[in-house]
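Okay, target_5.cif now, which holds mmCIF, C-alpha atoms and all ligand atoms:
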data_my_file
#
loop_
_atom_site.group_PDB
_atom_site.id
_atom_site.type_symbol
_atom_site.label_atom_id
_atom_site.label_comp_id
_atom_site.auth_asym_id
_atom_site.auth_seq_id
_atom_site.Cartn_x
_atom_site.Cartn_y
_atom_site.Cartn_z
ATOM 1 C CA MET A 1 0.000 0.000 0.000
ATOM 2 C CA SER A 2 1.374 3.423 -0.899
ATOM 3 C CA TYR A 3 1.409 6.300 1.567
ATOM 4 C CA LYS A 4 -1.338 8.031 -0.435
ATOM 5 C CA GLU A 5 -3.573 4.945 -0.431
ATOM 6 C CA TRP A 6 -3.219 4.631 3.337
ATOM 7 C CA PHE A 7 -3.782 8.380 3.805
ATOM 8 C CA ASP A 8 -7.016 8.421 1.773
ATOM 9 C CA ALA A 9 -8.369 5.242 3.366
ATOM 10 C CA HIS A 10 -7.577 6.381 6.907
ATOM 11 C CA GLY A 11 -9.033 9.843 6.330
ATOM 12 C CA ALA A 12 -12.242 8.237 5.058
ATOM 13 C CA LYS A 13 -12.491 6.079 8.212
ATOM 14 C CA HIS A 14 -11.932 9.146 10.363
ATOM 15 C CA ALA A 15 -14.631 11.101 8.502
ATOM 16 C CA LYS A 16 -17.096 8.238 8.956
ATOM 17 C CA ILE A 17 -16.588 8.282 12.714
ATOM 18 C CA MET A 18 -16.968 12.075 12.764
ATOM 19 C CA GLU A 19 -20.339 11.751 10.991
ATOM 20 C CA LYS A 20 -21.596 9.917 14.097
ATOM 21 C CA LEU A 21 -20.253 12.528 16.523
ATOM 22 C CA THR A 22 -22.062 15.676 15.401
ATOM 23 C CA HIS A 23 -23.804 15.839 18.803
ATOM 24 C CA LEU A 24 -20.458 16.150 20.636
ATOM 25 C CA ASN A 25 -18.492 19.362 21.115
ATOM 26 C CA ASP A 26 -14.786 19.515 20.226
ATOM 27 C CA ALA A 27 -13.582 18.553 23.707
ATOM 28 C CA GLU A 28 -15.944 15.564 23.754
ATOM 29 C CA VAL A 29 -14.773 14.484 20.292
ATOM 30 C CA ILE A 30 -11.152 14.516 21.474
ATOM 31 C CA GLU A 31 -12.199 12.490 24.504
ATOM 32 C CA TYR A 32 -14.001 9.991 22.232
ATOM 33 C CA PHE A 33 -10.720 9.387 20.378
ATOM 34 C CA ARG A 34 -8.901 8.255 23.516
ATOM 35 C CA PHE A 35 -7.368 4.816 22.987
ATOM 36 C CA GLU A 36 -9.458 3.161 25.716
ATOM 37 C CA ASN A 37 -12.706 4.223 24.046
ATOM 38 C CA MET A 38 -11.582 3.649 20.464
ATOM 39 C CA VAL A 39 -10.382 0.125 21.115
ATOM 40 C CA ARG A 40 -13.868 -0.748 22.413
ATOM 41 C CA ASN A 41 -16.091 1.195 20.021
ATOM 42 C CA GLU A 42 -14.158 1.703 16.772
ATOM 43 C CA THR A 43 -12.515 -1.665 16.269
ATOM 44 C CA ASN A 44 -11.763 -1.095 12.564
ATOM 45 C CA PHE A 45 -9.998 2.234 12.983
ATOM 46 C CA CYS A 46 -6.587 0.709 13.732
ATOM 47 C CA PRO A 47 -5.308 -2.847 13.142
ATOM 48 C CA LEU A 48 -3.619 -2.811 16.568
ATOM 49 C CA TYR A 49 -6.999 -2.543 18.328
ATOM 50 C CA ALA A 50 -7.648 -6.237 17.626
ATOM 51 C CA GLU A 51 -4.792 -7.070 20.022
ATOM 52 C CA ASN A 52 -5.647 -4.226 22.418
ATOM 53 C CA LYS A 53 -2.198 -2.852 21.603
ATOM 54 C CA LYS A 54 -0.983 0.746 21.493
ATOM 55 C CA CYS A 55 1.323 2.087 18.787
ATOM 56 C CA HIS A 56 3.237 4.009 21.477
ATOM 57 C CA ASP A 57 3.804 3.048 25.066
ATOM 58 C CA MET A 58 2.173 6.019 26.770
ATOM 59 C CA GLU A 59 -0.617 6.353 29.307
ATOM 60 C CA ASP A 60 -2.959 8.912 27.739
ATOM 61 C CA LEU A 61 -2.719 7.935 24.095
ATOM 62 C CA ASN A 62 -5.126 9.830 21.862
ATOM 63 C CA CYS A 63 -5.799 8.478 18.366
ATOM 64 C CA TYR A 64 -7.402 11.578 16.792
ATOM 65 C CA LEU A 65 -4.244 12.591 14.928
ATOM 66 C CA CYS A 66 -3.111 9.272 13.587
ATOM 67 C CA ALA A 67 -1.110 9.992 11.508
ATOM 68 C CA CYS A 68 0.716 13.287 12.252
ATOM 69 C CA PRO A 69 0.222 16.734 10.706
ATOM 70 C CA ASN A 70 4.002 17.178 10.695
ATOM 71 C CA PHE A 71 4.612 14.099 8.559
ATOM 72 C CA ARG A 72 5.452 14.742 4.910
ATOM 73 C CA PHE A 73 5.430 12.081 2.210
ATOM 74 C CA ASN A 74 5.902 11.785 -1.496
ATOM 75 C CA ASP A 75 5.293 8.341 -2.997
ATOM 76 C CA LYS A 76 7.491 9.265 -5.940
ATOM 77 C CA GLY A 77 10.288 10.337 -3.609
ATOM 78 C CA PHE A 78 11.435 13.805 -2.550
ATOM 79 C CA THR A 79 15.046 13.424 -3.461
ATOM 80 C CA LYS A 80 17.947 11.027 -3.768
ATOM 81 C CA GLU A 81 20.495 10.588 -1.016
ATOM 82 C CA GLY A 82 23.195 8.651 -2.814
ATOM 83 C CA GLU A 83 21.541 5.468 -4.097
ATOM 84 C CA LYS A 84 18.592 5.841 -1.727
ATOM 85 C CA THR A 85 15.308 7.660 -2.289
ATOM 86 C CA LEU A 86 13.839 9.785 0.508
ATOM 87 C CA PHE A 87 10.082 9.101 0.682
ATOM 88 C CA SER A 88 9.043 10.759 3.937
ATOM 89 C CA THR A 89 10.269 13.177 6.539
ATOM 90 C CA CYS A 90 9.266 15.275 9.590
ATOM 91 C CA SER A 91 8.596 18.973 8.966
ATOM 92 C CA ILE A 92 9.529 20.000 12.527
ATOM 93 C CA GLU A 93 12.558 17.718 12.719
ATOM 94 C CA SER A 94 11.347 16.288 15.999
ATOM 95 C CA PRO A 95 14.320 15.129 18.088
ATOM 96 C CA ASP A 96 12.304 11.993 18.875
ATOM 97 C CA GLY A 97 11.887 11.119 15.197
ATOM 98 C CA ASP A 98 14.237 8.779 13.377
ATOM 99 C CA ARG A 99 14.704 7.206 9.956
ATOM 100 C CA TYR A 100 14.195 3.725 8.548
ATOM 101 C CA ILE A 101 16.997 3.200 6.075
ATOM 102 C CA SER A 102 17.016 0.239 3.675
ATOM 103 C CA ALA A 103 19.215 -0.500 0.688
ATOM 104 C CA GLN A 104 17.148 1.750 -1.571
ATOM 105 C CA ALA A 105 14.830 3.837 0.579
ATOM 106 C CA ILE A 106 14.683 6.226 3.510
ATOM 107 C CA HIS A 107 11.416 6.634 5.466
ATOM 108 C CA GLN A 108 10.537 8.735 8.489
ATOM 109 C CA ASN A 109 10.359 6.627 11.663
ATOM 110 C CA CYS A 110 7.950 8.033 14.237
ATOM 111 C CA VAL A 111 8.041 5.129 16.689
ATOM 112 C CA GLY A 112 9.777 7.155 19.410
ATOM 113 C CA CYS A 113 7.747 10.343 19.003
ATOM 114 C CA LEU A 114 4.572 11.115 20.969
ATOM 115 C CA VAL A 115 3.817 14.585 19.559
ATOM 116 C CA PRO A 116 0.499 13.865 17.742
ATOM 117 C CA HIS A 117 -0.832 11.582 20.478
ATOM 118 C CA ARG A 118 -0.805 14.128 23.299
ATOM 119 C CA GLU A 119 -4.171 15.778 23.897
ATOM 120 C CA SER A 120 -2.572 19.194 24.407
ATOM 121 C CA TYR A 121 -1.267 18.975 20.845
ATOM 122 C CA VAL A 122 -4.539 17.605 19.447
ATOM 123 C CA ARG A 123 -6.346 20.587 21.011
ATOM 124 C CA LYS A 124 -3.807 23.020 19.557
ATOM 125 C CA VAL A 125 -4.239 21.948 15.924
ATOM 126 C CA PHE A 126 -7.790 20.602 16.175
ATOM 127 C CA ASP A 127 -10.156 20.666 13.227
ATOM 128 C CA ARG A 128 -13.211 18.438 12.868
ATOM 129 C CA SER A 129 -11.955 17.563 9.390
ATOM 130 C CA TRP A 130 -8.960 15.215 9.568
ATOM 131 C CA PHE A 131 -8.054 16.098 5.970
ATOM 132 C CA ALA A 132 -7.935 19.791 6.930
ATOM 133 C CA VAL A 133 -5.527 19.116 9.807
ATOM 134 C CA MET A 134 -3.397 16.960 7.514
ATOM 135 C CA ASN A 135 -3.472 19.394 4.589
ATOM 136 C CA GLU A 136 0.300 19.682 4.282
ATOM 137 C CA VAL A 137 1.153 15.999 4.666
ATOM 138 C CA VAL A 138 0.799 14.986 1.006
ATOM 139 C CA CYS A 139 3.637 16.457 -1.070
ATOM 140 C CA GLU A 140 2.976 15.007 -4.510
HETATM 141 S S1 LIG A 201 8.643 12.490 14.242
HETATM 142 FE FE1 LIG A 201 6.907 13.096 15.571
HETATM 143 S S2 LIG A 201 6.338 15.171 14.941
HETATM 144 FE FE2 LIG A 201 7.620 14.295 13.317
HETATM 145 S S3 LIG A 201 6.194 13.385 11.843
HETATM 146 FE FE3 LIG A 201 6.755 11.762 13.259
HETATM 147 S S4 LIG A 201 5.189 11.796 14.892
HETATM 148 FE FE4 LIG A 201 5.062 13.742 13.777
#

As structure tokens, please, write out the structure in this file.
Ligand code: SF4
Amino acid sequence: MSYKEWFDAHGAKHAKIMEKLTHLNDAEVIEYFRFENMVRNETNFCPLYAENKKCHDMEDLNCYLCACPNFRFNDKGFTKEGEKTLFSTCSIESPDGDRYISAQAIHQNCVGCLVPHRESYVRKVFDRSWFAVMNEVVCE
């Protein structure tokens, strides 16, 4: 699956959930997207929910901003670094971000970064449209 395919499919799932939550205010929507509620009530939103597993080991994990507004991808590649193609990166150069490097590709690795999963951050960039929050992520 390409980045863009995942992005479109995930945004559609997010929008479908939001259609059900029109009766909630913004704070209640953010609360709804807490891992403990999502794992019970939105089982198809994330494949990890089936195993009751979190993508990051943190107590108050919020799933509203999966993925991250600071992520940038280009399925055709941004640039070449030697023989390798750079496909994704972090726009804020988070010190907790890293890179997956294979023989031919470089991808952003967000495993160690909690930025988009903290509710303070979700509140800061919140929009009821996931695609609006993520409007700079696709760089194709
Ligand atoms: S490293 Fe952190 S801030 Fe940067 S794209 Fe990944 S999750 Fe977002």

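Using only C-alpha atoms, the smallest distance between any of A:Asn62, A:Ser94, A:Ser2, A:Thr85 and A:Cys113 comes from A:Ser94.
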
So, with all atoms listed in the file as the atoms that count, which of A:Ala132, A:Leu65, A:Leu48, A:Ile106 lies closest to ligand LIG 201 (chain A)? A:Leu65

Surrounding residues of A:Arg123 excluding itself and chain neighbours under 6 positions, 9 Å, all atoms listed in the file, as a list in words: Asp26, Ala27 and Ile30 of chain A

Residues picked by the PyMOL selection byres (((chain A and resi 72) around 9) and not hetatm) here, as a ChimeraX atom specification? /A:68-71,73-74,87-91,108,136-139

To one decimal place in Å, what is the distance between atom CA of A:Lys16 and atom CA of A:Tyr3? 20.0 Å
